[in-house]
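Quick look at query-v8.cif (mmCIF, C-alpha atoms):
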data_entry
#
loop_
_atom_site.label_atom_id
_atom_site.label_comp_id
_atom_site.auth_asym_id
_atom_site.auth_seq_id
_atom_site.Cartn_x
_atom_site.Cartn_y
_atom_site.Cartn_z
CA MET K 169 35.23 152.76 -49.61
CA ALA K 170 37.94 150.19 -49.34
CA ASN K 171 37.93 147.58 -52.02
CA ALA K 172 40.95 145.66 -53.18
CA THR K 173 41.92 145.69 -56.84
CA THR K 174 44.77 143.19 -56.64
CA THR K 175 45.85 140.30 -54.44
CA SER K 176 48.52 142.67 -53.14
CA GLU K 177 45.85 145.05 -51.90
CA CYS K 178 43.91 142.16 -50.40
CA MET K 179 46.69 141.53 -47.95
CA GLN K 180 47.41 145.16 -47.32
CA LEU K 181 43.77 145.91 -46.55
CA ALA K 182 43.16 142.76 -44.53
CA TYR K 183 43.42 144.23 -41.05
CA ARG K 184 41.69 147.47 -41.91
CA ASN K 185 38.69 145.86 -43.55
CA VAL K 186 38.23 143.11 -40.98
CA ASN K 187 38.33 145.84 -38.37
CA HIS K 188 35.57 147.68 -40.24
CA TRP K 189 33.23 144.70 -40.18
CA ALA K 190 34.02 143.96 -36.56
CA GLY K 191 32.45 147.33 -35.89
CA GLN K 192 29.09 146.19 -37.29
CA SER K 193 26.74 144.79 -34.72
CA LEU K 194 23.73 143.57 -36.69
CA PRO K 195 23.72 139.76 -36.80
CA ALA K 196 23.06 139.67 -40.53
CA ASP K 197 26.03 141.89 -41.25
CA ASN K 198 28.52 141.15 -38.52
CA LEU K 199 32.00 139.69 -38.63
CA ARG K 200 30.79 136.10 -38.70
CA ALA K 201 28.55 136.71 -41.69
CA HIS K 202 31.43 138.19 -43.65
CA ALA K 203 33.90 135.52 -42.55
CA ILE K 204 31.56 132.85 -43.93
CA LEU K 205 31.19 134.84 -47.15
CA PHE K 206 34.97 134.79 -47.41
CA LEU K 207 34.99 131.02 -47.78
CA ASP K 208 33.69 131.52 -51.33
CA ALA K 209 36.93 133.27 -52.21
CA PHE K 210 38.58 129.93 -52.78
CA ALA K 211 35.75 128.08 -54.48
CA HIS K 212 37.24 128.19 -57.99
CA LEU K 213 40.60 126.72 -57.00
CA SER K 214 41.27 123.00 -57.21
CA ASP K 215 42.08 120.72 -54.31
CA ASP K 216 43.66 118.30 -56.78
CA ASP K 217 46.21 120.78 -58.08
CA ASP K 218 49.14 121.30 -55.70
CA ASN K 219 49.82 124.72 -57.16
CA GLU K 220 46.31 125.94 -56.49
CA ARG K 221 45.99 124.07 -53.22
CA THR K 222 48.49 126.42 -51.57
CA VAL K 223 45.75 129.03 -51.68
CA ARG K 224 42.73 126.79 -51.39
CA ASP K 225 44.02 125.16 -48.21
CA TRP K 226 43.37 128.47 -46.46
CA LYS K 227 39.69 127.57 -46.57
CA VAL K 228 40.32 125.34 -43.59
CA PRO K 229 41.73 127.99 -41.24
CA SER K 230 39.08 130.37 -42.59
CA ALA K 231 36.34 127.91 -41.70
CA PHE K 232 37.88 127.32 -38.30
CA ILE K 233 37.74 130.96 -37.40
CA ALA K 234 34.44 131.80 -39.14
CA TYR K 235 32.37 129.22 -37.29
CA ARG K 236 33.74 130.29 -33.93
CA LEU K 237 32.62 133.86 -34.26
CA PRO K 238 29.52 134.95 -32.33
CA THR K 239 26.28 134.73 -34.29
CA ALA K 240 23.32 136.75 -33.10
CA PHE K 241 24.99 139.19 -30.75
CA ASN K 242 24.00 142.78 -31.31
CA SER K 243 27.43 143.93 -30.34
CA GLN K 244 30.70 144.75 -31.98
CA THR K 245 33.37 142.10 -32.07
CA TYR K 246 36.70 143.91 -32.06
CA GLU K 247 38.17 141.26 -29.81
CA TRP K 248 38.12 138.88 -32.77
CA VAL K 249 39.90 141.14 -35.24
CA ASN K 250 43.36 139.77 -34.63
CA ASP K 251 42.38 136.13 -35.15
CA VAL K 252 40.24 136.79 -38.23
CA ALA K 253 42.52 139.32 -39.89
CA LEU K 254 45.56 137.09 -39.57
CA VAL K 255 43.81 134.31 -41.48
CA VAL K 256 42.52 136.75 -44.12
CA TYR K 257 45.98 138.25 -44.39
CA ASN K 258 47.73 134.90 -44.73
CA ALA K 259 45.24 133.67 -47.32
CA SER K 260 45.78 136.88 -49.29
CA VAL K 261 49.56 136.54 -49.05
CA ALA K 262 49.22 132.98 -50.32
CA ALA K 263 47.17 134.22 -53.27
CA TYR K 264 49.64 137.00 -54.02
CA TRP K 265 52.68 134.74 -54.12
CA ALA K 266 50.82 132.03 -56.00
CA GLN K 267 50.15 134.68 -58.63
CA VAL K 268 53.74 135.95 -58.60
CA GLU K 269 55.07 132.42 -58.97
CA ASN K 270 52.53 131.59 -61.68
CA ARG K 271 50.88 128.85 -59.67
CA ILE K 272 47.47 130.37 -60.24
CA SER K 273 46.27 132.19 -63.33
CA ALA K 274 45.49 135.89 -63.59
CA ALA K 275 41.83 134.92 -63.89
CA ASP K 276 42.04 132.88 -60.70
CA ALA K 277 43.67 135.78 -58.92
CA ALA K 278 40.97 138.13 -60.18
CA ALA K 279 38.29 135.74 -58.95
CA PHE K 280 39.96 135.64 -55.55
CA VAL K 281 39.98 139.44 -55.39
CA ALA K 282 36.33 139.61 -56.44
CA ALA K 283 35.26 137.17 -53.75
CA TRP K 284 37.49 138.91 -51.22
CA ASN K 285 35.70 142.18 -52.00
CA THR K 286 32.32 140.50 -51.60
CA ALA K 287 33.30 139.47 -48.10
CA TRP K 288 35.48 142.30 -46.91
CA GLY K 289 35.04 145.25 -49.25
CA PHE K 290 32.93 148.20 -48.22
CA MET T 217 61.65 120.18 -49.65
CA SER T 218 60.44 122.83 -52.02
CA TYR T 219 57.21 124.72 -51.79
CA PRO T 220 54.56 123.67 -52.72
CA GLN T 221 55.66 120.56 -50.95
CA LEU T 222 56.27 117.45 -53.01
CA GLU T 223 56.75 114.83 -50.34
CA GLN T 224 53.77 113.63 -48.33
CA SER T 225 53.67 111.83 -45.01
CA SER T 226 52.06 108.88 -46.80
CA ASP T 227 55.45 108.42 -48.51
CA THR T 228 57.18 107.87 -45.17
CA VAL T 229 54.39 105.58 -43.96
CA LEU T 230 54.77 103.43 -47.06
CA ALA T 231 58.52 103.34 -46.45
CA SER T 232 57.92 102.20 -42.84
CA LYS T 233 59.67 105.23 -41.39
CA ASP T 234 59.05 106.35 -37.84
CA LEU T 235 58.44 109.95 -38.76
CA PHE T 236 57.72 112.43 -41.51
CA ARG T 237 59.98 115.44 -41.47
CA LEU T 238 58.54 118.68 -42.80
CA ARG T 239 61.60 120.78 -43.38
CA THR T 240 61.73 123.77 -45.69
CA ASP T 241 62.99 127.31 -45.94
CA LEU T 242 60.16 129.78 -45.60
CA LYS T 243 59.86 132.59 -48.11
CA TYR T 244 56.79 134.36 -46.82
CA ASN T 245 53.79 134.15 -44.54
CA GLY T 246 50.91 132.17 -45.93
CA GLU T 247 52.78 128.99 -46.76
CA ILE T 248 50.58 126.11 -45.70
CA HIS T 249 51.63 122.46 -45.69
CA GLY T 250 49.59 119.28 -45.63
CA ILE T 251 50.02 116.03 -43.73
CA ASP T 252 47.97 113.28 -45.31
CA THR T 253 48.29 110.53 -42.69
CA SER T 254 47.34 110.28 -39.04
CA ILE T 255 50.19 111.07 -36.68
CA ARG T 256 51.04 110.38 -33.04
CA GLY T 257 52.99 113.48 -32.18
CA LEU T 258 54.21 116.81 -33.52
CA VAL T 259 57.56 118.15 -32.38
CA ILE T 260 59.54 121.19 -33.51
CA GLY T 261 62.67 119.75 -35.13
CA PRO T 262 66.26 120.68 -34.37
CA GLN T 263 66.82 122.80 -37.48
CA SER T 264 63.76 124.95 -36.97
CA ASP T 265 64.13 128.68 -36.63
CA LEU T 266 60.44 129.06 -35.97
CA GLN T 267 59.29 128.91 -32.39
CA ASN T 268 55.61 128.20 -33.09
CA VAL T 269 53.57 126.45 -35.74
CA ARG T 270 49.79 126.40 -35.97
CA VAL T 271 48.03 123.16 -36.85
CA TYR T 272 44.48 122.66 -38.21
CA TYR T 273 42.85 119.25 -38.30
CA PHE T 274 39.59 117.48 -39.05
CA ASP T 275 37.38 117.31 -35.96
CA PRO T 276 33.76 116.20 -36.46
CA LYS T 277 32.78 117.56 -33.06
CA ALA T 278 34.02 121.08 -33.70
CA PRO T 279 32.06 123.89 -35.41
CA GLY T 280 32.93 123.74 -39.09
CA PHE T 281 34.60 120.36 -38.45
CA VAL T 282 37.95 122.07 -37.85
CA SER T 283 40.05 122.38 -34.74
CA GLU T 284 43.47 123.90 -34.23
CA LEU T 285 46.40 123.59 -31.90
CA LEU T 286 49.68 125.35 -31.41
CA VAL T 287 52.95 123.49 -31.28
CA SER T 288 56.00 125.25 -29.93
CA VAL T 289 59.54 124.33 -29.05
CA SER T 290 58.71 123.92 -25.40
CA ASP T 291 55.21 122.51 -25.96
CA PRO T 292 55.26 119.62 -28.42
CA PHE T 293 52.01 117.82 -29.13
CA ILE T 294 52.03 114.23 -27.95
CA GLY T 295 48.90 112.34 -28.94
CA ARG T 296 46.95 111.18 -31.94
CA LEU T 297 45.70 113.41 -34.73
CA ASP T 298 43.81 111.86 -37.61
CA ALA T 299 44.01 112.93 -41.20
CA ARG T 300 40.68 112.03 -42.85
CA MET T 301 41.60 111.61 -46.47
CA ASP T 302 38.38 109.65 -46.93
CA GLN T 303 36.35 112.80 -46.26
CA ASP T 304 36.28 116.44 -47.20
CA TYR T 305 35.93 119.26 -44.73
CA PRO T 306 32.16 119.76 -45.08
CA GLY T 307 31.26 122.40 -47.60
CA LEU T 308 34.87 123.22 -48.42
CA GLY T 309 35.76 120.59 -50.98
CA THR T 310 39.10 120.18 -49.28
CA ALA T 311 40.32 116.74 -48.25
CA GLY T 312 40.68 116.12 -44.53
CA ARG T 313 44.41 116.66 -44.28
CA ILE T 314 46.19 118.03 -41.26
CA PHE T 315 47.44 121.50 -42.13
CA VAL T 316 50.51 123.23 -40.76
CA THR T 317 51.46 126.88 -41.07
CA ASN T 318 53.94 129.15 -39.37
CA ASP T 319 52.64 131.12 -36.41
CA ASP T 320 55.68 133.39 -36.37
CA PHE T 321 55.78 136.18 -38.92
CA VAL T 322 57.89 135.76 -42.06
CA PRO T 323 57.94 138.83 -44.32
CA GLY T 324 58.16 138.20 -48.03
CA LEU T 325 61.29 139.34 -49.78
CA GLY T 326 62.11 140.03 -53.38
CA ALA T 327 60.62 142.58 -55.70
CA HIS T 328 58.30 141.71 -58.52
CA PRO T 329 58.65 143.90 -61.59
CA THR T 330 55.03 144.33 -62.57
CA LEU T 331 52.81 143.67 -59.58
CA PRO T 332 52.17 146.44 -57.05
CA VAL T 333 54.20 146.77 -53.91
CA ASP T 334 53.57 143.85 -51.61
CA GLN T 335 54.40 142.79 -48.11
CA GLN T 336 58.09 142.80 -48.80
CA PHE T 337 60.40 144.08 -46.16
CA TYR T 338 62.51 147.08 -47.04
CA ILE T 339 65.19 148.64 -44.92
CA ASP T 340 66.40 152.16 -44.88
CA SER T 341 64.47 153.15 -47.99
CA SER T 342 64.96 156.83 -47.19
CA ASN T 343 68.68 156.46 -47.66
CA PRO T 344 69.67 157.67 -51.17
CA ASP T 345 72.40 155.03 -51.18
CA TYR T 346 69.87 152.35 -50.36
CA ASP T 347 70.31 150.70 -53.75
CA TRP T 348 73.94 150.10 -52.94
CA ASP T 349 73.38 148.43 -49.62
CA ILE T 350 73.93 144.71 -49.51
CA VAL T 351 71.25 142.80 -47.68
CA VAL T 352 72.01 139.24 -46.63
CA TRP T 353 68.78 137.59 -45.57
CA HIS T 354 69.13 134.24 -43.86
CA ALA T 355 65.75 132.66 -44.51
CA PRO T 356 64.04 131.02 -41.55
CA GLN T 357 63.62 127.28 -41.63
CA LEU T 358 60.58 125.29 -40.67
CA ASP T 359 61.44 121.88 -39.24
CA LEU T 360 58.54 119.85 -37.90
CA LEU T 361 58.69 116.17 -36.98
CA ALA T 362 55.39 114.31 -37.45
CA TYR T 363 55.71 110.95 -35.74
CA HIS T 364 54.02 107.79 -37.01
CA ILE T 365 54.92 106.06 -33.73
CA ASP T 366 54.76 107.22 -30.14
CA PRO T 367 57.45 109.91 -29.98
CA PRO T 368 60.54 109.23 -27.92
CA ALA T 369 61.61 111.70 -25.24
CA VAL T 370 61.88 115.02 -27.03
CA PRO T 371 64.21 117.94 -26.33
CA ILE T 372 62.64 121.34 -25.73
CA ALA T 373 65.25 123.36 -27.57
CA ARG T 374 66.23 124.04 -31.13
CA ALA T 375 69.74 123.35 -32.30
CA GLU T 376 72.19 126.20 -32.06
CA ARG T 377 72.57 128.09 -35.33
CA GLN T 378 75.82 129.61 -36.47
CA TRP T 379 76.61 131.74 -39.48
CA SER T 380 79.88 133.05 -40.90
CA ASP T 381 79.47 135.76 -43.51
CA GLU T 382 82.29 137.42 -45.37
CA VAL T 383 81.58 141.12 -45.36
CA ILE T 384 82.03 143.31 -48.38
CA ILE T 385 80.78 146.85 -48.79
CA VAL T 386 79.65 148.43 -52.01
CA ALA T 387 79.19 152.18 -52.27
CA ARG T 388 78.21 154.62 -54.95
CA ASP T 389 81.82 155.68 -55.32
CA PRO T 390 84.98 154.63 -53.47
CA LEU T 391 84.95 157.59 -51.11
CA THR T 392 81.42 157.26 -49.81
CA THR T 393 80.28 155.08 -46.99
CA GLY T 394 78.24 152.00 -47.67
CA LYS T 395 76.44 149.52 -45.46
CA SER T 396 75.91 145.81 -45.51
CA TRP T 397 73.05 144.29 -43.54
CA PHE T 398 72.86 140.78 -42.17
CA PHE T 399 69.57 139.32 -40.99
CA TYR T 400 69.65 136.35 -38.63
CA PRO T 401 66.49 134.42 -37.71
CA HIS T 402 66.12 134.47 -33.95
CA TYR T 403 62.42 133.88 -33.19
CA ARG T 404 62.64 134.31 -29.47
CA ARG T 405 65.76 132.31 -28.92
CA LYS T 406 67.40 133.28 -25.68
CA TYR T 407 70.94 134.04 -26.70
CA PHE T 408 72.65 135.86 -29.55
CA HIS T 409 76.31 136.53 -30.01
CA ALA T 410 78.08 138.33 -32.83
CA ARG T 411 81.69 139.17 -33.47
CA LEU T 412 83.44 140.89 -36.32
CA TYR T 413 86.89 139.93 -37.59
CA ASN T 414 88.25 143.10 -39.14
CA GLY T 415 91.40 141.96 -40.90
CA ALA T 416 94.02 144.41 -42.03
CA PHE T 417 92.89 144.27 -45.64
CA ALA T 418 89.98 146.65 -45.15
CA SER T 419 92.44 149.21 -43.70
CA GLN T 420 89.76 151.13 -41.94
CA THR T 421 87.71 151.18 -38.81
CA LEU T 422 84.31 149.64 -39.47
CA GLY T 423 81.13 150.80 -37.83
CA TYR T 424 78.45 148.42 -36.69
CA GLU T 425 74.90 148.62 -35.42
CA ILE T 426 72.75 145.81 -34.10
CA TYR T 427 68.98 145.76 -33.86
CA GLY T 428 66.36 143.39 -32.56
CA VAL T 429 63.56 143.14 -35.14
CA THR T 430 59.92 142.19 -34.74
CA PHE T 431 57.67 141.94 -37.79
CA TYR T 432 53.98 142.70 -38.21
CA PRO T 433 51.72 142.72 -41.24
CA THR T 434 50.69 146.11 -42.51
CA LEU T 435 47.92 147.34 -40.26
CA GLY T 436 45.39 150.07 -40.78
CA GLY T 437 45.21 149.77 -44.55
CA GLY T 438 48.48 151.47 -45.29
CA PHE T 439 49.95 150.40 -48.59
CA GLY T 440 53.50 149.26 -48.26
CA SER T 441 55.82 146.90 -46.55
CA PRO T 442 55.10 145.15 -43.28
CA TYR T 443 56.01 146.89 -40.09
CA ALA T 444 59.38 146.09 -38.67
CA HIS T 445 59.95 147.40 -35.19
CA LEU T 446 63.66 147.90 -34.73
CA THR T 447 65.11 148.09 -31.26
CA GLN T 448 68.71 149.20 -31.28
CA LEU T 449 70.70 146.90 -29.06
CA THR T 450 74.15 148.32 -29.48
CA THR T 451 76.39 150.28 -31.82
CA GLY T 452 80.10 150.96 -32.09
CA SER T 453 83.18 150.45 -34.21
CA VAL T 454 85.95 147.92 -34.72
CA ALA T 455 89.48 149.02 -35.58
CA SER T 456 91.34 147.29 -38.37
CA THR T 457 94.18 145.13 -37.13
CA ALA T 458 95.51 141.93 -38.55
CA ASN T 459 93.53 139.03 -37.14
CA SER T 460 91.63 141.27 -34.78
CA ALA T 461 88.26 140.20 -33.53
CA ALA T 462 85.77 142.29 -31.66
CA VAL T 463 82.77 140.99 -29.83
CA LEU T 464 79.93 143.13 -31.04
CA TYR T 465 77.19 141.85 -28.89
CA SER T 466 76.23 139.05 -26.57
CA GLU T 467 72.64 139.17 -25.56
CA LYS T 468 73.43 138.57 -21.91
CA VAL T 469 76.41 140.83 -21.44
CA PRO T 470 74.92 144.30 -22.00
CA ASP T 471 71.94 143.35 -19.91
CA LEU T 472 74.11 142.74 -16.89
CA ALA T 473 75.47 146.24 -17.25
CA THR T 474 72.16 147.90 -18.04
CA PRO T 475 69.39 145.55 -16.96
CA GLY T 476 65.95 146.02 -18.39
CA THR T 477 66.99 147.78 -21.58
CA HIS T 478 65.24 145.21 -23.71
CA PRO T 479 63.55 141.85 -23.23
CA ILE T 480 65.59 138.75 -23.86
CA GLY T 481 64.03 136.09 -26.03
CA TYR T 482 61.66 138.46 -27.78
CA PHE T 483 62.86 139.32 -31.26
CA ASP T 484 61.99 137.67 -34.58
CA TYR T 485 65.28 138.60 -36.18
CA ILE T 486 68.58 140.13 -35.17
CA LEU T 487 69.91 142.64 -37.70
CA VAL T 488 73.60 143.51 -37.89
CA GLY T 489 74.73 146.41 -40.06
CA VAL T 490 78.39 146.97 -40.94
CA SER T 491 79.46 150.30 -42.45
CA GLY T 492 82.62 151.60 -44.03
CA THR T 493 84.07 152.76 -47.34
CA ALA T 494 83.84 150.26 -50.14
CA PHE T 495 85.93 147.11 -50.20
CA GLY T 496 85.46 143.74 -51.84
CA TYR T 497 86.32 140.11 -51.38
CA ASN T 498 89.94 139.29 -50.68
CA THR T 499 92.19 136.46 -49.71
CA GLN T 500 94.56 138.31 -47.43
CA GLY T 501 92.50 138.99 -44.38
CA ALA T 502 88.81 138.78 -44.94
CA VAL T 503 86.32 140.75 -42.91
CA VAL T 504 84.11 138.10 -41.37
CA LEU T 505 80.99 138.43 -39.33
CA ASP T 506 80.24 135.45 -37.08
CA ALA T 507 76.92 135.05 -35.36
CA ILE T 508 75.37 132.47 -33.06
CA SER T 509 71.75 132.16 -32.06
CA SER T 510 70.77 129.66 -29.39
CA ASP T 511 67.87 128.57 -27.21
CA TRP T 512 70.27 128.22 -24.35
CA ALA T 513 71.04 131.40 -22.47
CA ALA T 514 74.74 131.50 -21.72
#
For this file, produce the structure as structure tokens.
Amino acid sequence: MANATTTSECMQLAYRNVNHWAGQSLPADNLRAHAILFLDAFAHLSDDDDNERTVRDWKVPSAFIAYRLPTAFNSQTYEWVNDVALVVYNASVAAYWAQVENRISAADAAAFVAAWNTAWGF
Amino acid sequence: MSYPQLEQSSDTVLASKDLFRLRTDLKYNGEIHGIDTSIRGLVIGPQSDLQNVRVYYFDPKAPGFVSELLVSVSDPFIGRLDARMDQDYPGLGTAGRIFVTNDDFVPGLGAHPTLPVDQQFYIDSSNPDYDWDIVVWHAPQLDLLAYHIDPPAVPIARAERQWSDEVIIVARDPLTTGKSWFFYPHYRRKYFHARLYNGAFASQTLGYEIYGVTFYPTLGGGFGSPYAHLTQLTTGSVASTANSAAVLYSEKVPDLATPGTHPIGYFDYILVGVSGTAFGYNTQGAVVLDAISSDWAA
């Protein structure tokens, strides 16, 4: 089991957990499926609030990488780990520092962690 | 410019400027900046320490309506990129700005009293005198020029950076040895030069050690600071003499003597450590560490 309990753990687990899902080969549960799930991690943050946008803007790189991942291949996708994990890592770092600098609320940070776990926890 | 950024490129368009300059110190990975107007070129600016930036933009023909490109010192982007503020990225609820983020790694610094350990960079944490070490971190700068007009001829080098730091050393007690660490952003520049002026005031021979540093995020799920691979470049000592200066390191010189010992133009940071028994600031012969980092190999 590797679930994050804080935004700090989100970034520290980013590479490990992305690597885990890259090892899944079923199309319904592969890296692409989880990368698209990750987009929900930002849903509660506002695009109109510059403080929250520093985290929410990571939806765009996340979408870029998610929709480029292979779909129905019954094969592992370790070759994509670096690209995906770096975006997940950076988004998590953004969330961590937004929390440290009080740009997002504790509730927003908790919602980010919950959505992160939905996508990347196991 | 502070972060989150206050100024937008629409401000410079309304002011009829030729370019929008995105210039800020970076505190950590994950900073992401928006450009809210179309642009005709992206060029790494002269003050940049970063070698590469990654750019995401609205592209209706791409999967997810997002494309990316890399801009580096030697590979500026010349062409048109449109910000689509009239549309959102489909399904994301995010306006169609152009987004810019650093592609080089910037570890976060600075402890937070209540949150768990983060991706801060620690040095020498096994040293019991660690708390007494002075760490001088020169933050990397992002400087990106977003042109509203066709860009003029652009240089393919960053400006030379120079630092002069007065060295002091703090130790647990006056008889023990302490260390002061100086971090200089390098990001694959091609030349680094450091020299130490050990004035008579310190009255002691000072040790030094120089490392090339590359950063990585924590991999493998380990909890702690990001990885910093340190490659020792040189080490030695500088005797104390009035107005003496010792060249500690020039990136080219040791390589001529021992070619192949390390790659030139590879490191994210250059780290210089100075060690000795404690001494403070003074006006009679300061201990000064000078450093130069340049894209031009001497």
Could you name the residues that touch region 424-432 of chain T at 8 Å or less, counting all atoms listed in the file, but leaving out those on the same chain fewer than 4 positions away, as a list in words?
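Within the cut-off, the hits are Phe321, Val322, Pro323, Pro442, Tyr443, Ala444, His445, Leu446, Thr447, Gln448, Leu449, Thr450, Thr451, Gly452, Ser453, Val454, Leu464, Tyr465, Phe483, Asp484, Tyr485, Ile486, Leu487, Val488, Gly489, Val490 and Ser491 of chain T.
If you look at CA of Thr173 (chain K) and CA of Pro220 (chain T), they are 25.7 Å away from each other.
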Ground truth for the PyMOL selection byres ((chain K and resi 185) around 8), written as a ChimeraX atom specification
/K:170,181-184,186-189,288-290 /T:437
Evaluate the PyMOL selection byres ((chain K) within 9 of (chain T)) on the structure here and hand back the selected residues as a CSV table (one decimal) with C-alpha atoms, in the frame of the given file.
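As a result, out.csv now contains:
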chain,number,residue,atom,x,y,z
K,170,ALA,CA,37.9,150.2,-49.3
K,174,THR,CA,44.8,143.2,-56.6
K,175,THR,CA,45.8,140.3,-54.4
K,176,SER,CA,48.5,142.7,-53.1
K,177,GLU,CA,45.8,145.0,-51.9
K,179,MET,CA,46.7,141.5,-48.0
K,180,GLN,CA,47.4,145.2,-47.3
K,181,LEU,CA,43.8,145.9,-46.6
K,182,ALA,CA,43.2,142.8,-44.5
K,183,TYR,CA,43.4,144.2,-41.0
K,184,ARG,CA,41.7,147.5,-41.9
K,185,ASN,CA,38.7,145.9,-43.6
K,187,ASN,CA,38.3,145.8,-38.4
K,207,LEU,CA,35.0,131.0,-47.8
K,208,ASP,CA,33.7,131.5,-51.3
K,210,PHE,CA,38.6,129.9,-52.8
K,211,ALA,CA,35.8,128.1,-54.5
K,214,SER,CA,41.3,123.0,-57.2
K,215,ASP,CA,42.1,120.7,-54.3
K,216,ASP,CA,43.7,118.3,-56.8
K,218,ASP,CA,49.1,121.3,-55.7
K,219,ASN,CA,49.8,124.7,-57.2
K,221,ARG,CA,46.0,124.1,-53.2
K,222,THR,CA,48.5,126.4,-51.6
K,223,VAL,CA,45.8,129.0,-51.7
K,224,ARG,CA,42.7,126.8,-51.4
K,225,ASP,CA,44.0,125.2,-48.2
K,226,TRP,CA,43.4,128.5,-46.5
K,227,LYS,CA,39.7,127.6,-46.6
K,228,VAL,CA,40.3,125.3,-43.6
K,229,PRO,CA,41.7,128.0,-41.2
K,231,ALA,CA,36.3,127.9,-41.7
K,232,PHE,CA,37.9,127.3,-38.3
K,233,ILE,CA,37.7,131.0,-37.4
K,234,ALA,CA,34.4,131.8,-39.1
K,235,TYR,CA,32.4,129.2,-37.3
K,236,ARG,CA,33.7,130.3,-33.9
K,254,LEU,CA,45.6,137.1,-39.6
K,255,VAL,CA,43.8,134.3,-41.5
K,257,TYR,CA,46.0,138.2,-44.4
K,258,ASN,CA,47.7,134.9,-44.7
K,259,ALA,CA,45.2,133.7,-47.3
K,260,SER,CA,45.8,136.9,-49.3
K,261,VAL,CA,49.6,136.5,-49.0
K,262,ALA,CA,49.2,133.0,-50.3
K,263,ALA,CA,47.2,134.2,-53.3
K,264,TYR,CA,49.6,137.0,-54.0
K,265,TRP,CA,52.7,134.7,-54.1
K,268,VAL,CA,53.7,136.0,-58.6
What does the PyMOL selection byres ((chain K and resi 195) around 10) select in this file, as a list in words?
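For this structure, the PyMOL selection byres ((chain K and resi 195) around 10) resolves to Gln192, Ser193, Leu194, Ala196, Asp197, Asn198, Leu199, Arg200, Ala201, Pro238, Thr239, Ala240, Phe241, Asn242, Ser243 and Gln244 of chain K.
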Quick one: pull the distance between CA of Arg377 (chain T) and CA of Gly423 (chain T), Å, one decimal.
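Result for CA of Arg377 (chain T) versus CA of Gly423 (chain T): 24.4 Å, one decimal.
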Protein and nucleic acid residues near (76.0, 133.3, -30.0) (cut-off 6 Å, only C-alpha atoms) as a list in words
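Protein, DNA and RNA residues close to (76.0, 133.3, -30.0): Phe408, His409, Ala507, Ile508 and Ser509 of chain T.
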Can you list, as a compact mmCIF listing (two decimals) with C-alpha atoms, keeping the file's coordinate frame, every protein, DNA or RNA residue that comes within 9 Å of Val351 (chain T) when you count only C-alpha atoms, leaving out same-chain residues fewer than 4 positions away?
# COMPACT_ATOMS: atom_id res chain seq x y z
CA ILE T 339 65.19 148.64 -44.92
CA LYS T 395 76.44 149.52 -45.46
CA SER T 396 75.91 145.81 -45.51
CA TRP T 397 73.05 144.29 -43.54
CA PHE T 398 72.86 140.78 -42.17
CA PHE T 399 69.57 139.32 -40.99
Would you pick out the contacts of Ile255 (chain T) at 10 Å or less, using only C-alpha atoms, so that residues sharing its chain but fewer than 6 positions from it are not included, and give the list as a list in words?
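The filter keeps Ser225, Leu235, Phe236, Ile294, Gly295, Arg296, Leu297, Asp298, Ala299, Ile314, Leu361, Ala362, Tyr363, His364, Ile365, Asp366 and Pro367 of chain T.
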Select all residues near (48.4, 126.7, -61.7) (cut-off 10 Å, inclusive, file coordinates), counting all atoms listed in the file, and output them as number ranges by chain.
K: 213-214, 217-221, 266-267, 269-274, 276
Take the residues from that selection and write them out as a PDB file, keeping the file's coordinate frame, keeping C-alpha atoms.
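result29.pdb, freshly written:
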ATOM      1  CA  LEU K 213      40.600 126.720 -57.000  1.00  0.00           C
ATOM      2  CA  SER K 214      41.270 123.000 -57.210  1.00  0.00           C
ATOM      3  CA  ASP K 217      46.210 120.780 -58.080  1.00  0.00           C
ATOM      4  CA  ASP K 218      49.140 121.300 -55.700  1.00  0.00           C
ATOM      5  CA  ASN K 219      49.820 124.720 -57.160  1.00  0.00           C
ATOM      6  CA  GLU K 220      46.310 125.940 -56.490  1.00  0.00           C
ATOM      7  CA  ARG K 221      45.990 124.070 -53.220  1.00  0.00           C
ATOM      8  CA  ALA K 266      50.820 132.030 -56.000  1.00  0.00           C
ATOM      9  CA  GLN K 267      50.150 134.680 -58.630  1.00  0.00           C
ATOM     10  CA  GLU K 269      55.070 132.420 -58.970  1.00  0.00           C
ATOM     11  CA  ASN K 270      52.530 131.590 -61.680  1.00  0.00           C
ATOM     12  CA  ARG K 271      50.880 128.850 -59.670  1.00  0.00           C
ATOM     13  CA  ILE K 272      47.470 130.370 -60.240  1.00  0.00           C
ATOM     14  CA  SER K 273      46.270 132.190 -63.330  1.00  0.00           C
ATOM     15  CA  ALA K 274      45.490 135.890 -63.590  1.00  0.00           C
ATOM     16  CA  ASP K 276      42.040 132.880 -60.700  1.00  0.00           C
TER      17      ASP K 276
END
CA of Ala455 (chain T) sits from CA of Ala387 (chain T) at a separation of 19.9 Å
Pick the closest to Val229 (chain T) from T:Ile251, T:Glu382, T:Met217, T:Val352: which is it, counting all atoms listed in the file?
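Closest to Val229 (chain T), using all atoms listed in the file: T:Ile251.
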